[in-house]
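Source file: final-v8.txt. Holds: compact mmCIF, C-alpha atoms.
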```txt
# COMPACT_ATOMS: atom_id res chain seq x y z
CA MET A 1 151.27 91.42 172.41
CA VAL A 2 154.51 89.90 173.68
CA GLN A 3 155.43 86.91 171.54
CA LYS A 4 157.87 84.48 173.10
CA PRO A 5 160.36 82.66 170.90
CA LEU A 6 159.37 79.24 169.58
CA SER A 7 159.26 76.42 172.26
CA ALA A 8 160.70 77.49 175.68
CA GLY A 9 173.89 84.49 170.73
CA ARG A 10 180.17 84.20 168.58
CA LEU A 11 182.22 85.81 166.08
CA PRO A 12 182.51 84.01 162.77
CA GLY A 13 185.80 82.53 161.76
CA ARG A 14 187.78 85.20 159.92
CA ALA A 15 190.34 84.22 157.32
CA THR A 16 193.53 86.23 157.78
CA LEU A 17 196.20 86.77 155.19
CA ALA A 18 199.54 88.38 156.01
CA LEU A 19 202.19 89.37 153.53
CA CYS A 20 205.33 90.87 155.06
CA ALA A 21 208.59 92.04 153.64
CA ALA A 22 211.96 91.97 155.35
CA LEU A 23 215.13 93.34 153.80
CA GLY A 24 213.34 93.45 150.48
CA ALA A 25 212.55 89.71 150.48
CA ALA A 26 208.96 88.45 150.49
CA VAL A 27 207.94 86.34 153.48
CA PRO A 28 205.73 83.33 152.68
CA THR A 29 202.02 83.97 153.12
CA GLN A 30 200.65 82.82 156.48
CA PRO A 31 197.98 80.12 156.34
CA ALA A 32 194.37 81.25 156.56
CA THR A 33 192.59 80.87 159.87
CA ALA A 34 190.76 77.56 160.06
CA LYS A 35 187.07 77.61 159.30
CA PRO A 36 184.64 77.39 162.22
CA THR A 37 184.08 73.88 163.53
CA ILE A 38 180.76 72.52 164.78
CA THR A 39 180.88 69.74 167.36
CA ILE A 40 177.68 67.83 168.12
CA PHE A 41 177.38 66.40 171.62
CA ASP A 42 175.00 64.53 173.88
CA VAL A 43 175.16 63.62 177.54
CA PRO A 44 176.02 59.89 177.56
CA GLY A 45 172.88 57.80 177.86
CA SER A 46 170.55 60.74 177.30
CA SER A 47 167.50 60.86 175.06
CA GLY A 48 167.88 64.61 174.53
CA THR A 49 170.50 67.27 175.37
CA SER A 50 169.73 71.00 175.56
CA PRO A 51 172.63 73.39 176.33
CA ALA A 52 171.63 76.78 177.71
CA SER A 53 174.77 78.77 178.57
CA ILE A 54 178.54 78.89 178.03
CA ASN A 55 181.14 80.66 180.17
CA ALA A 56 184.39 82.40 179.22
CA GLY A 57 186.41 79.20 179.59
CA GLY A 58 184.08 77.15 177.40
CA SER A 59 182.19 75.21 180.07
CA ILE A 60 178.53 74.64 179.16
CA THR A 61 175.48 73.99 181.28
CA GLY A 62 171.97 72.89 180.38
CA VAL A 63 169.47 70.08 180.78
CA TYR A 64 169.17 66.55 179.48
CA SER A 65 166.58 63.79 179.56
CA ASN A 66 166.87 60.13 180.49
CA GLY A 67 163.34 59.57 181.72
CA SER A 68 163.74 62.58 184.02
CA THR A 69 164.99 66.09 183.39
CA LEU A 70 168.44 66.59 184.92
CA GLY A 71 171.33 69.04 184.74
CA PHE A 72 174.79 68.84 183.25
CA VAL A 73 178.07 70.71 182.95
CA ARG A 74 180.23 69.97 179.91
CA ALA A 75 183.91 70.86 180.46
CA PRO A 76 185.99 72.36 177.62
CA ASP A 77 187.66 68.96 177.10
CA GLY A 78 184.26 67.40 176.41
CA THR A 79 183.80 65.54 179.68
CA PHE A 80 180.40 65.67 181.36
CA THR A 81 179.35 66.10 184.96
CA THR A 82 175.68 65.41 185.56
CA PHE A 83 173.64 66.44 188.55
CA ALA A 84 170.14 66.14 189.92
CA PRO A 85 168.68 69.28 191.48
CA PRO A 86 166.32 68.86 194.43
CA GLY A 87 162.80 68.02 193.32
CA VAL A 88 161.51 65.93 190.47
CA GLY A 89 163.21 67.66 187.54
CA GLY A 90 165.36 70.61 186.54
CA GLY A 91 168.75 71.71 185.30
CA GLY A 92 171.20 74.50 184.58
CA ILE A 93 170.20 77.76 182.91
CA ALA A 94 173.32 79.94 183.29
CA ILE A 95 177.00 79.46 184.23
CA ASN A 96 179.61 82.03 185.25
CA THR A 97 183.40 82.13 184.92
CA ALA A 98 183.88 80.28 188.23
CA GLY A 99 181.70 77.42 187.02
CA VAL A 100 178.82 78.34 189.33
CA VAL A 101 175.48 77.31 187.80
CA ALA A 102 172.09 78.88 188.34
CA GLY A 103 169.01 76.90 187.44
CA ASN A 104 165.53 75.73 188.32
CA ASP A 105 163.79 72.63 189.58
CA THR A 106 160.18 71.67 190.18
CA ASP A 107 159.00 69.80 193.25
CA SER A 108 156.31 67.12 193.51
CA ASN A 109 153.68 69.81 194.12
CA SER A 110 154.50 71.60 190.85
CA VAL A 111 156.16 74.48 192.69
CA THR A 112 159.32 75.85 191.05
CA HIS A 113 162.48 76.71 192.99
CA GLY A 114 165.74 78.34 191.99
CA PHE A 115 169.06 76.74 192.82
CA VAL A 116 172.74 77.59 192.70
CA ARG A 117 175.38 74.87 192.15
CA THR A 118 178.99 75.64 192.98
CA ALA A 119 181.86 74.20 190.97
CA ASP A 120 182.45 71.53 193.63
CA GLY A 121 178.92 70.21 193.11
CA THR A 122 177.22 71.72 196.17
CA ILE A 123 173.60 72.65 195.39
CA GLN A 124 171.55 75.16 197.36
CA SER A 125 167.88 75.81 196.64
CA PHE A 126 166.41 79.27 197.10
CA ASP A 127 163.10 81.09 196.87
CA ALA A 128 162.40 84.79 196.53
CA PRO A 129 160.64 86.17 199.63
CA GLY A 130 157.45 86.95 197.74
CA ALA A 131 157.21 83.63 195.89
CA GLY A 132 154.09 81.56 196.31
CA THR A 133 153.90 77.89 197.23
CA GLY A 134 150.88 76.95 195.14
CA VAL A 135 150.76 74.96 191.91
CA TYR A 136 152.78 76.70 189.14
CA GLU A 137 154.04 79.31 191.60
CA GLY A 138 157.57 79.77 192.92
CA THR A 139 160.96 81.10 191.78
CA LEU A 140 162.80 80.91 188.48
CA ALA A 141 166.49 81.74 187.83
CA TYR A 142 167.54 83.01 184.39
CA GLY A 143 170.94 84.66 184.70
CA ILE A 144 174.06 84.69 186.88
CA ASN A 145 177.03 87.05 186.75
CA ASN A 146 180.68 86.53 187.62
CA LYS A 147 180.13 87.80 191.17
CA GLY A 148 177.46 85.15 191.78
CA ALA A 149 174.44 87.48 191.61
CA ILE A 150 171.37 85.84 190.09
CA THR A 151 168.32 87.34 188.43
CA GLY A 152 164.96 85.85 187.53
CA THR A 153 161.28 85.89 188.42
CA TRP A 154 158.99 84.90 191.24
CA ILE A 155 155.28 84.11 191.00
CA ASN A 156 152.53 83.99 193.60
CA GLY A 157 148.77 84.30 193.33
CA ASP A 158 148.83 87.85 191.88
CA THR A 159 147.04 88.29 188.56
CA ASN A 160 146.99 91.18 186.10
CA PRO A 161 143.83 92.80 184.63
CA LEU A 162 143.83 90.13 181.93
CA GLY A 163 143.62 87.40 184.57
CA ASP A 164 147.15 86.08 183.98
CA ARG A 165 149.60 85.23 186.75
CA ILE A 166 152.09 88.06 187.30
CA PRO A 167 155.81 87.26 187.29
CA HIS A 168 157.85 89.74 189.34
CA GLY A 169 161.60 90.37 189.12
CA TYR A 170 164.37 89.82 191.64
CA VAL A 171 168.12 90.03 192.08
CA ARG A 172 169.77 87.68 194.57
CA ASP A 173 173.35 88.48 195.55
CA ALA A 174 176.00 85.85 196.32
CA ALA A 175 175.25 86.13 200.04
CA GLY A 176 171.60 85.24 199.46
CA ASN A 177 170.09 88.73 199.87
CA PHE A 178 167.13 89.56 197.64
CA ALA A 179 165.89 92.74 195.97
CA GLU A 180 162.48 92.30 194.35
CA PHE A 181 161.33 94.72 191.66
CA ASP A 182 158.92 95.61 188.87
CA PRO A 183 159.42 98.41 186.33
CA PRO A 184 156.84 101.21 186.61
CA GLY A 185 153.70 100.26 184.69
CA SER A 186 154.58 96.58 184.62
CA TYR A 187 151.91 93.89 184.75
CA SER A 188 154.42 91.09 184.08
CA THR A 189 158.19 91.35 184.62
CA GLN A 190 160.77 89.06 183.00
CA PRO A 191 164.41 89.78 183.98
CA LEU A 192 166.61 87.55 181.82
CA SER A 193 170.26 88.57 182.08
CA ILE A 194 172.65 90.23 184.55
CA ASN A 195 176.15 91.52 183.86
CA THR A 196 179.19 91.75 186.15
CA LYS A 197 178.32 95.32 187.16
CA GLY A 198 174.93 94.09 188.37
CA ALA A 199 172.85 95.64 185.58
CA VAL A 200 169.81 93.55 184.67
CA THR A 201 167.89 93.51 181.41
CA GLY A 202 164.68 91.88 180.26
CA PHE A 203 161.18 92.96 179.37
CA TYR A 204 157.86 93.72 180.98
CA ALA A 205 154.29 93.79 179.74
CA ASP A 206 152.04 96.82 180.22
CA ILE A 207 148.35 96.75 181.10
CA ASN A 208 147.48 95.98 177.47
CA GLY A 209 149.97 93.12 177.24
CA TYR A 210 152.51 94.97 175.08
CA GLY A 211 156.17 94.28 175.78
CA HIS A 212 158.79 96.87 176.71
CA SER A 213 162.53 96.41 177.24
CA PHE A 214 164.17 97.60 180.44
CA ILE A 215 167.48 97.95 182.21
CA ARG A 216 167.72 97.93 185.98
CA ALA A 217 170.99 99.46 187.18
CA ALA A 218 172.84 97.95 190.13
CA ASN A 219 171.52 100.78 192.35
CA GLY A 220 167.95 99.86 191.45
CA THR A 221 167.30 102.64 188.93
CA MET A 222 164.88 101.46 186.23
CA SER A 223 164.93 102.59 182.59
CA THR A 224 162.63 101.59 179.72
CA ILE A 225 164.74 101.16 176.57
CA ASP A 226 162.32 100.54 173.70
CA PRO A 227 163.94 101.20 170.31
CA PRO A 228 162.33 104.19 168.54
CA GLY A 229 159.32 103.55 166.31
CA VAL A 230 158.53 100.03 167.52
CA THR A 231 155.21 98.45 168.43
CA GLU A 232 156.90 96.59 171.29
CA SER A 233 160.25 95.08 172.22
CA SER A 234 161.88 92.41 174.37
CA ALA A 235 165.46 92.81 175.60
CA PHE A 236 167.06 89.45 176.25
CA CYS A 237 170.76 89.79 177.13
CA ILE A 238 173.34 92.29 178.37
CA ASN A 239 177.12 92.17 178.15
CA ALA A 240 179.82 93.44 180.51
CA LYS A 241 179.95 96.80 178.71
CA GLY A 242 176.21 97.36 179.09
CA ALA A 243 175.22 96.64 175.48
CA VAL A 244 171.82 94.95 175.19
CA ALA A 245 170.39 92.71 172.48
CA GLY A 246 166.82 91.64 171.93
CA TRP A 247 163.99 91.75 169.44
CA GLU A 248 161.67 94.54 168.38
CA VAL A 249 158.36 94.54 166.56
CA VAL A 250 157.89 97.07 163.77
CA GLY A 251 154.30 96.77 162.61
CA THR A 252 154.02 93.01 162.80
CA VAL A 253 157.60 92.07 161.84
CA TYR A 254 160.18 90.89 164.39
CA HIS A 255 163.72 92.27 164.00
CA GLY A 256 166.86 91.99 166.09
CA PHE A 257 168.27 95.02 167.83
CA VAL A 258 171.40 95.99 169.72
CA ARG A 259 171.45 98.94 172.09
CA SER A 260 174.99 100.09 172.81
CA ALA A 261 176.02 101.37 176.22
CA ASP A 262 175.64 104.96 174.96
CA GLY A 263 172.01 104.33 173.99
CA THR A 264 172.49 103.95 170.23
CA PHE A 265 170.18 101.40 168.58
CA THR A 266 171.03 99.17 165.62
CA GLN A 267 168.36 97.05 163.93
CA PHE A 268 169.44 93.91 162.08
CA ASP A 269 168.21 90.74 160.42
CA PRO A 270 170.23 87.79 159.09
CA THR A 271 169.91 87.17 155.36
CA GLY A 272 166.69 85.27 154.66
CA SER A 273 165.07 86.13 157.98
CA THR A 274 161.35 86.79 158.29
CA ALA A 275 161.60 87.08 162.10
CA THR A 276 164.76 87.52 164.19
CA TYR A 277 165.24 86.57 167.86
CA PRO A 278 168.61 87.42 169.48
CA LEU A 279 169.42 85.41 172.61
CA GLY A 280 173.03 86.17 173.54
CA ILE A 281 175.65 88.91 173.23
CA ASN A 282 179.35 88.82 174.09
CA THR A 283 181.78 91.52 175.18
CA ARG A 284 182.75 92.23 171.55
CA GLY A 285 179.12 92.91 170.66
CA ALA A 286 178.63 89.74 168.61
CA VAL A 287 175.06 88.46 168.87
CA THR A 288 173.66 84.99 168.49
CA GLY A 289 170.13 83.62 168.42
CA TYR A 290 167.78 82.25 165.78
CA TYR A 291 165.70 83.46 162.88
CA LEU A 292 162.75 82.09 160.94
CA ASP A 293 163.00 81.58 157.19
CA ALA A 294 160.15 81.96 154.69
CA ASN A 295 158.83 78.55 155.75
CA SER A 296 158.99 79.45 159.47
CA VAL A 297 161.91 77.06 160.02
CA PRO A 298 164.30 78.24 162.77
CA HIS A 299 168.00 78.63 161.99
CA GLY A 300 170.80 79.69 164.32
CA PHE A 301 172.77 82.79 163.50
CA MET A 302 175.73 84.91 164.56
CA TRP A 303 175.70 88.65 163.81
CA SER A 304 178.83 90.81 164.05
CA PRO A 305 178.99 94.54 164.85
CA ASN A 306 180.30 95.09 161.30
CA GLY A 307 176.83 94.13 160.08
CA LYS A 308 177.71 90.70 158.73
CA SER A 309 175.77 87.60 159.75
CA VAL A 310 176.22 83.87 159.29
CA THR A 311 173.71 81.06 159.54
CA ILE A 312 174.48 78.25 161.97
CA ASP A 313 172.88 74.88 161.26
CA PRO A 314 174.64 71.74 162.48
CA PRO A 315 174.67 68.81 160.03
CA GLY A 316 171.34 66.98 160.13
CA SER A 317 169.47 69.87 161.75
CA THR A 318 165.83 70.53 160.96
CA TYR A 319 165.47 73.25 163.64
CA THR A 320 168.33 75.15 165.30
CA LYS A 321 168.66 77.60 168.18
CA ALA A 322 172.02 79.21 168.98
CA LEU A 323 171.64 80.27 172.59
CA ALA A 324 174.86 81.67 174.00
CA ILE A 325 178.21 83.14 172.96
CA ASN A 326 181.35 83.81 175.00
CA ALA A 327 184.11 86.39 174.57
CA LYS A 328 186.14 84.04 172.33
CA GLY A 329 183.21 83.76 169.93
CA THR A 330 182.40 80.18 170.89
CA ILE A 331 178.70 79.41 170.49
CA THR A 332 176.49 76.75 172.01
CA GLY A 333 172.90 75.78 171.40
CA TRP A 334 170.74 72.89 170.38
CA PHE A 335 169.02 71.45 167.32
CA LEU A 336 166.43 68.87 166.34
CA ASP A 337 167.30 66.06 163.97
CA SER A 338 164.90 64.50 161.49
CA SER A 339 163.60 62.18 164.21
CA GLY A 340 162.81 65.06 166.55
CA VAL A 341 165.68 64.27 168.95
CA VAL A 342 167.39 67.24 170.61
CA HIS A 343 171.20 67.44 170.47
CA GLY A 344 173.70 70.00 171.75
CA PHE A 345 176.27 71.69 169.58
CA LEU A 346 179.40 73.77 170.00
CA ARG A 347 180.67 76.12 167.28
CA THR A 348 184.31 77.15 167.66
CA LYS A 349 186.31 79.56 165.52
```
For the structure just supplied, provide its representation as structure tokens.
Amino acid sequence: MVQKPLSAGRLPGRATLALCAALGAAVPTQPATAKPTITIFDVPGSSGTSPASINAGGSITGVYSNGSTLGFVRAPDGTFTTFAPPGVGGGGIAINTAGVVAGNDTDSNSVTHGFVRTADGTIQSFDAPGAGTGVYEGTLAYGINNKGAITGTWINGDTNPLGDRIPHGYVRDAAGNFAEFDPPGSYSTQPLSINTKGAVTGFYADINGYGHSFIRAANGTMSTIDPPGVTESSAFCINAKGAVAGWEVVGTVYHGFVRSADGTFTQFDPTGSTATYPLGINTRGAVTGYYLDANSVPHGFMWSPNGKSVTIDPPGSTYTKALAINAKGTITGWFLDSSGVVHGFLRTK
């Protein structure tokens, strides 16, 4: 059965050494590239900060708490802009290169709505045409691309044969036009990421509750992309080149996978992992996410296409999730300290 990650992906620093010769004389060795730096941050006055996404320029969006759940954007220079979506609580889930944020908020009737926030601070709520208006129904946004297209789910009163509410997928373009969809055989659709070309990836559950990865092309063509030999799989993110990362279940063990644009699959696990959950992939194919160790403690990781992986745990962390990676290899995510407080972090090369 589909197992969601606990609760609710950047290149490692590479030391370079150059030795050149000119006119037979040795040139002094160049200094090694600085080691990766981890910066811990919190929205001022918050009791918990949870980054969710980072764009190409290094701006980060997410949610924070100060008695209510609100949204924030952290600029590359470390300054914060906070915002309150319509409703009683919500925040940013994804941010594109123009600084446009997609996110969710919940109203006083426990109905969820999507919203889009432009870089100037203008917020517009939206609902998929099929979304319900009952308790725990509505619209959720999960991904936004650089053209402003958003993907996510909508929920109404539909239930599957198991009696569970059925999420359906949608794509909303920058002009506000919707295309709603479900992969063939789906009894629960979860689109999670959309790239600049408009390709969407995510997973769906079949009638027995088993998860399958999919890609929906910009023209609406649907393809199931389960890695070979798996019990089930869940694609989570797609990059501009069409490479997808997610997790697969072989027997009962969770592994990470990358599916390249040509359809080639690569399975991977960070050293020490007993279960691997990729969450983000950048244009270079570097993947970030989290893995569980032998004691089921989550650690962040970054995996490179050369097969190497590094563990990412900010100082003082007891539980880490690395959520997103941009083209420069900069990673953001969050961690719990020993007191159970959530903090954001930024890992730069």
### Query
Of the candidates A:Pro36, A:Val230, A:Thr122, A:Gly143, which shows the shortest atom-to-atom distance to A:Val310, using all atoms listed in the file?
A:Pro36
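Relative to atom CA of A:His299, atom CA of A:Leu346 is found at 14.8 Å.
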### Message
Applying 10 Å and all atoms listed in the file, which residues near A:Ser108 remain after dropping the ones on its own chain fewer than 5 positions away? List them as a VMD selection string.
### Response
chain A and resid 87 to 89 135
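Among the candidate residues A:Gly138, A:Gly163, A:Gly246, A:Gly344, the one lying nearest to A:Val43 is A:Gly344, with distances computed using all atoms listed in the file.
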### Query
Leaving out stretch 51-63 of chain A and any residue of its chain fewer than 4 positions from it, which residues lie within 8 Å of it when counting all atoms listed in the file, given as a count of residues only?
31
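Of note, atom CA of A:Gln124 and atom CA of A:Asn282 are spaced 28.1 Å apart.
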Could you add the missing atoms to stretch 67-102 of chain A, up to N, CA and C atoms, and return them as a PDB file, in the frame of the given file?
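Output (selection34.pdb):
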```pdb
ATOM      1  N   GLY A  67     164.523  59.970 180.976  1.00  0.00           N
ATOM      2  CA  GLY A  67     163.340  59.570 181.720  1.00  0.00           C
ATOM      3  C   GLY A  67     162.952  60.655 182.696  1.00  0.00           C
ATOM      4  N   SER A  68     163.935  61.394 183.188  1.00  0.00           N
ATOM      5  CA  SER A  68     163.740  62.580 184.020  1.00  0.00           C
ATOM      6  C   SER A  68     164.518  63.721 183.391  1.00  0.00           C
ATOM      7  N   THR A  69     164.229  64.929 183.834  1.00  0.00           N
ATOM      8  CA  THR A  69     164.990  66.090 183.390  1.00  0.00           C
ATOM      9  C   THR A  69     166.047  66.413 184.427  1.00  0.00           C
ATOM     10  N   LEU A  70     167.308  66.402 184.011  1.00  0.00           N
ATOM     11  CA  LEU A  70     168.440  66.590 184.920  1.00  0.00           C
ATOM     12  C   LEU A  70     169.389  67.641 184.368  1.00  0.00           C
ATOM     13  N   GLY A  71     170.388  68.034 185.154  1.00  0.00           N
ATOM     14  CA  GLY A  71     171.330  69.040 184.740  1.00  0.00           C
ATOM     15  C   GLY A  71     172.681  68.469 184.361  1.00  0.00           C
ATOM     16  N   PHE A  72     173.437  69.262 183.594  1.00  0.00           N
ATOM     17  CA  PHE A  72     174.790  68.840 183.250  1.00  0.00           C
ATOM     18  C   PHE A  72     175.711  70.047 183.137  1.00  0.00           C
ATOM     19  N   VAL A  73     177.002  69.774 183.301  1.00  0.00           N
ATOM     20  CA  VAL A  73     178.070  70.710 182.950  1.00  0.00           C
ATOM     21  C   VAL A  73     179.008  69.957 182.019  1.00  0.00           C
ATOM     22  N   ARG A  74     179.274  70.550 180.855  1.00  0.00           N
ATOM     23  CA  ARG A  74     180.230  69.970 179.910  1.00  0.00           C
ATOM     24  C   ARG A  74     181.507  70.800 179.973  1.00  0.00           C
ATOM     25  N   ALA A  75     182.625  70.181 180.364  1.00  0.00           N
ATOM     26  CA  ALA A  75     183.910  70.860 180.460  1.00  0.00           C
ATOM     27  C   ALA A  75     184.463  71.140 179.065  1.00  0.00           C
ATOM     28  N   PRO A  76     185.407  72.058 178.928  1.00  0.00           N
ATOM     29  CA  PRO A  76     185.990  72.360 177.620  1.00  0.00           C
ATOM     30  C   PRO A  76     186.635  71.155 176.930  1.00  0.00           C
ATOM     31  N   ASP A  77     187.070  70.145 177.712  1.00  0.00           N
ATOM     32  CA  ASP A  77     187.660  68.960 177.100  1.00  0.00           C
ATOM     33  C   ASP A  77     186.618  67.933 176.680  1.00  0.00           C
ATOM     34  N   GLY A  78     185.328  68.278 176.863  1.00  0.00           N
ATOM     35  CA  GLY A  78     184.260  67.400 176.410  1.00  0.00           C
ATOM     36  C   GLY A  78     183.730  66.434 177.439  1.00  0.00           C
ATOM     37  N   THR A  79     184.312  66.426 178.642  1.00  0.00           N
ATOM     38  CA  THR A  79     183.800  65.540 179.680  1.00  0.00           C
ATOM     39  C   THR A  79     182.564  66.135 180.341  1.00  0.00           C
ATOM     40  N   PHE A  80     181.677  65.248 180.780  1.00  0.00           N
ATOM     41  CA  PHE A  80     180.400  65.670 181.360  1.00  0.00           C
ATOM     42  C   PHE A  80     180.361  65.393 182.860  1.00  0.00           C
ATOM     43  N   THR A  81     179.753  66.322 183.580  1.00  0.00           N
ATOM     44  CA  THR A  81     179.350  66.100 184.960  1.00  0.00           C
ATOM     45  C   THR A  81     177.850  66.301 185.015  1.00  0.00           C
ATOM     46  N   THR A  82     177.128  65.299 185.472  1.00  0.00           N
ATOM     47  CA  THR A  82     175.680  65.410 185.560  1.00  0.00           C
ATOM     48  C   THR A  82     175.273  65.618 187.012  1.00  0.00           C
ATOM     49  N   PHE A  83     174.120  66.208 187.196  1.00  0.00           N
ATOM     50  CA  PHE A  83     173.640  66.440 188.550  1.00  0.00           C
ATOM     51  C   PHE A  83     172.120  66.471 188.568  1.00  0.00           C
ATOM     52  N   ALA A  84     171.583  66.153 189.722  1.00  0.00           N
ATOM     53  CA  ALA A  84     170.140  66.140 189.920  1.00  0.00           C
ATOM     54  C   ALA A  84     169.770  67.201 190.938  1.00  0.00           C
ATOM     55  N   PRO A  85     169.125  68.277 190.518  1.00  0.00           N
ATOM     56  CA  PRO A  85     168.680  69.280 191.480  1.00  0.00           C
ATOM     57  C   PRO A  85     167.635  68.686 192.417  1.00  0.00           C
ATOM     58  N   PRO A  86     167.402  69.322 193.554  1.00  0.00           N
ATOM     59  CA  PRO A  86     166.320  68.860 194.430  1.00  0.00           C
ATOM     60  C   PRO A  86     165.001  68.899 193.659  1.00  0.00           C
ATOM     61  N   GLY A  87     164.089  68.041 194.004  1.00  0.00           N
ATOM     62  CA  GLY A  87     162.800  68.020 193.320  1.00  0.00           C
ATOM     63  C   GLY A  87     162.716  66.889 192.327  1.00  0.00           C
ATOM     64  N   VAL A  88     161.782  67.017 191.397  1.00  0.00           N
ATOM     65  CA  VAL A  88     161.510  65.930 190.470  1.00  0.00           C
ATOM     66  C   VAL A  88     162.058  66.206 189.070  1.00  0.00           C
ATOM     67  N   GLY A  89     162.649  67.370 188.854  1.00  0.00           N
ATOM     68  CA  GLY A  89     163.210  67.660 187.540  1.00  0.00           C
ATOM     69  C   GLY A  89     163.710  69.081 187.435  1.00  0.00           C
ATOM     70  N   GLY A  90     164.817  69.269 186.734  1.00  0.00           N
ATOM     71  CA  GLY A  90     165.360  70.610 186.540  1.00  0.00           C
ATOM     72  C   GLY A  90     166.778  70.532 186.030  1.00  0.00           C
ATOM     73  N   GLY A  91     167.388  71.698 185.806  1.00  0.00           N
ATOM     74  CA  GLY A  91     168.750  71.710 185.300  1.00  0.00           C
ATOM     75  C   GLY A  91     169.313  73.106 185.248  1.00  0.00           C
ATOM     76  N   GLY A  92     170.495  73.235 184.622  1.00  0.00           N
ATOM     77  CA  GLY A  92     171.200  74.500 184.580  1.00  0.00           C
ATOM     78  C   GLY A  92     170.664  75.439 183.518  1.00  0.00           C
ATOM     79  N   ILE A  93     170.641  76.725 183.833  1.00  0.00           N
ATOM     80  CA  ILE A  93     170.200  77.760 182.910  1.00  0.00           C
ATOM     81  C   ILE A  93     171.343  78.707 182.560  1.00  0.00           C
ATOM     82  N   ALA A  94     172.226  78.991 183.518  1.00  0.00           N
ATOM     83  CA  ALA A  94     173.320  79.940 183.290  1.00  0.00           C
ATOM     84  C   ALA A  94     174.535  79.502 184.089  1.00  0.00           C
ATOM     85  N   ILE A  95     175.747  79.828 183.567  1.00  0.00           N
ATOM     86  CA  ILE A  95     177.000  79.460 184.230  1.00  0.00           C
ATOM     87  C   ILE A  95     177.968  80.634 184.147  1.00  0.00           C
ATOM     88  N   ASN A  96     178.665  80.918 185.253  1.00  0.00           N
ATOM     89  CA  ASN A  96     179.610  82.030 185.250  1.00  0.00           C
ATOM     90  C   ASN A  96     181.055  81.553 185.116  1.00  0.00           C
ATOM     91  N   THR A  97     181.999  82.493 185.178  1.00  0.00           N
ATOM     92  CA  THR A  97     183.400  82.130 184.920  1.00  0.00           C
ATOM     93  C   THR A  97     183.967  81.183 185.965  1.00  0.00           C
ATOM     94  N   ALA A  98     183.412  81.183 187.170  1.00  0.00           N
ATOM     95  CA  ALA A  98     183.880  80.280 188.230  1.00  0.00           C
ATOM     96  C   ALA A  98     183.236  78.907 188.142  1.00  0.00           C
ATOM     97  N   GLY A  99     182.376  78.704 187.156  1.00  0.00           N
ATOM     98  CA  GLY A  99     181.700  77.420 187.020  1.00  0.00           C
ATOM     99  C   GLY A  99     180.493  77.268 187.915  1.00  0.00           C
ATOM    100  N   VAL A 100     180.029  78.381 188.498  1.00  0.00           N
ATOM    101  CA  VAL A 100     178.820  78.340 189.330  1.00  0.00           C
ATOM    102  C   VAL A 100     177.603  78.373 188.409  1.00  0.00           C
ATOM    103  N   VAL A 101     176.671  77.462 188.646  1.00  0.00           N
ATOM    104  CA  VAL A 101     175.480  77.310 187.800  1.00  0.00           C
ATOM    105  C   VAL A 101     174.248  77.796 188.537  1.00  0.00           C
ATOM    106  N   ALA A 102     173.413  78.548 187.845  1.00  0.00           N
ATOM    107  CA  ALA A 102     172.090  78.880 188.340  1.00  0.00           C
ATOM    108  C   ALA A 102     171.060  78.130 187.509  1.00  0.00           C
TER     109      ALA A 102
END
```
